[in-house]
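Enquirer: I have a structure here, written as structure tokens, and I will follow up with some questions on it.
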Amino acid sequence: MNKWYIHELQILPDHVHMLIQLPPTITPAKAIQYLKSGSSRVIRREYPELEEWLWGDSLWQDGYFAETVGRTNEEAMRQYIRKQWEAEPSSSSGL
């Protein structure tokens, strides 16, 4: 068991918000690397037809944003993640 705990998760059309607890031996950068590479392998295996839509070898963008909860109130972070669908533009708006 890796002792990673996902406390909040919102998957939006073009990005993911996650509140994840990691052991002190795993850096946020390493965690992102594991999440992106592991999910890419699973998605590519389950949906091989996506290959024709991908540009280059990468499924995910290179960048990411990470913040520690120590600088922010944890409950505020949870609420922010939970409300992401409310902030998402409506698909009927033409965007």
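Each chain in the structure tokens gets a letter, A, B, ..., in the order shown, and its residues are numbered from 1; ligands are numbered from 1 in order too.
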Among the residues of chain A, find those DSSP assigns to alpha helix (DSSP H) from the backbone and print them as number ranges by chain.
Expert: A: 28-46, 74-82, 84-87
Enquirer: Where does segment 10-45 of chain A meet segment 72-86 of chain A within 9 Å, residue by residue, with the nearest atom pair and distance in Å to one decimal for each, counting only C-alpha atoms, listed by chain and rising number, as a tab-separated table?
Expert:
```
residue	atom	partner	partner_atom	distance
A:Gln10	CA	A:Ile81	CA	6.4
A:Ile11	CA	A:Trp85	CA	8.9
A:Leu12	CA	A:Trp85	CA	7.3
A:His17	CA	A:Ile81	CA	6.1
A:Met18	CA	A:Ile81	CA	7.1
A:Leu19	CA	A:Arg78	CA	7.2
```
Enquirer: If DSSP is run on the backbone, what residues of chain A are strand (DSSP E or B)? A reply as a list in words would be ideal.
Expert: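 Checking each residue of chain A, the strand (DSSP E or B) ones are Tyr5, Ile6, His7, Glu8, Leu9, Gln10, Ile11, Val16, His17, Met18, Leu19, Ile20 and Gln21 of chain A.
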Enquirer: Of the residues A:Gln33, A:Thr27, A:Ser40, A:Gln21, which is the one nearest to Leu59 of chain A, using only C-alpha atoms?
Expert: A:Ser40
Enquirer: Using only C-alpha atoms, which protein or nucleic acid residues come within 12 Å of Ser37 of chain A? Drop anything in the same chain fewer than 2 positions from it, and give the result as a list in words.
Expert: Lys30, Ala31, Ile32, Gln33, Tyr34, Leu35, Ser39, Ser40, Arg41, Val42, Ile43, Arg44, Asp57, Ser58, Leu59, Trp60, Gln61 and Asp62 of chain A
Enquirer: Please provide the set of residues having any atom within 9 Å of Pro23 of chain A, restricted to only C-alpha atoms, with same-chain residues fewer than 2 positions apart removed, written as a ChimeraX atom specification.
Expert: /A:2-4,21,25-27
Enquirer: May I have the residues from that selection written out with C-alpha atoms, as a compact mmCIF listing (two decimals), in the first residue's frame?
Expert:
```txt
# COMPACT_ATOMS: atom_id res chain seq x y z
CA ASN A 2 1.42 3.40 -0.98
CA LYS A 3 -0.38 5.45 1.73
CA TRP A 4 -1.66 8.06 -0.70
CA GLN A 21 -2.30 13.38 1.08
CA THR A 25 8.91 10.51 1.23
CA ILE A 26 7.03 11.48 -1.97
CA THR A 27 7.46 14.96 -3.42
```
Enquirer: At what distance in Å, to one decimal, does atom CA of Asp14 of chain A lie from atom CA of Pro28 of chain A?
Expert: 20.5 Å
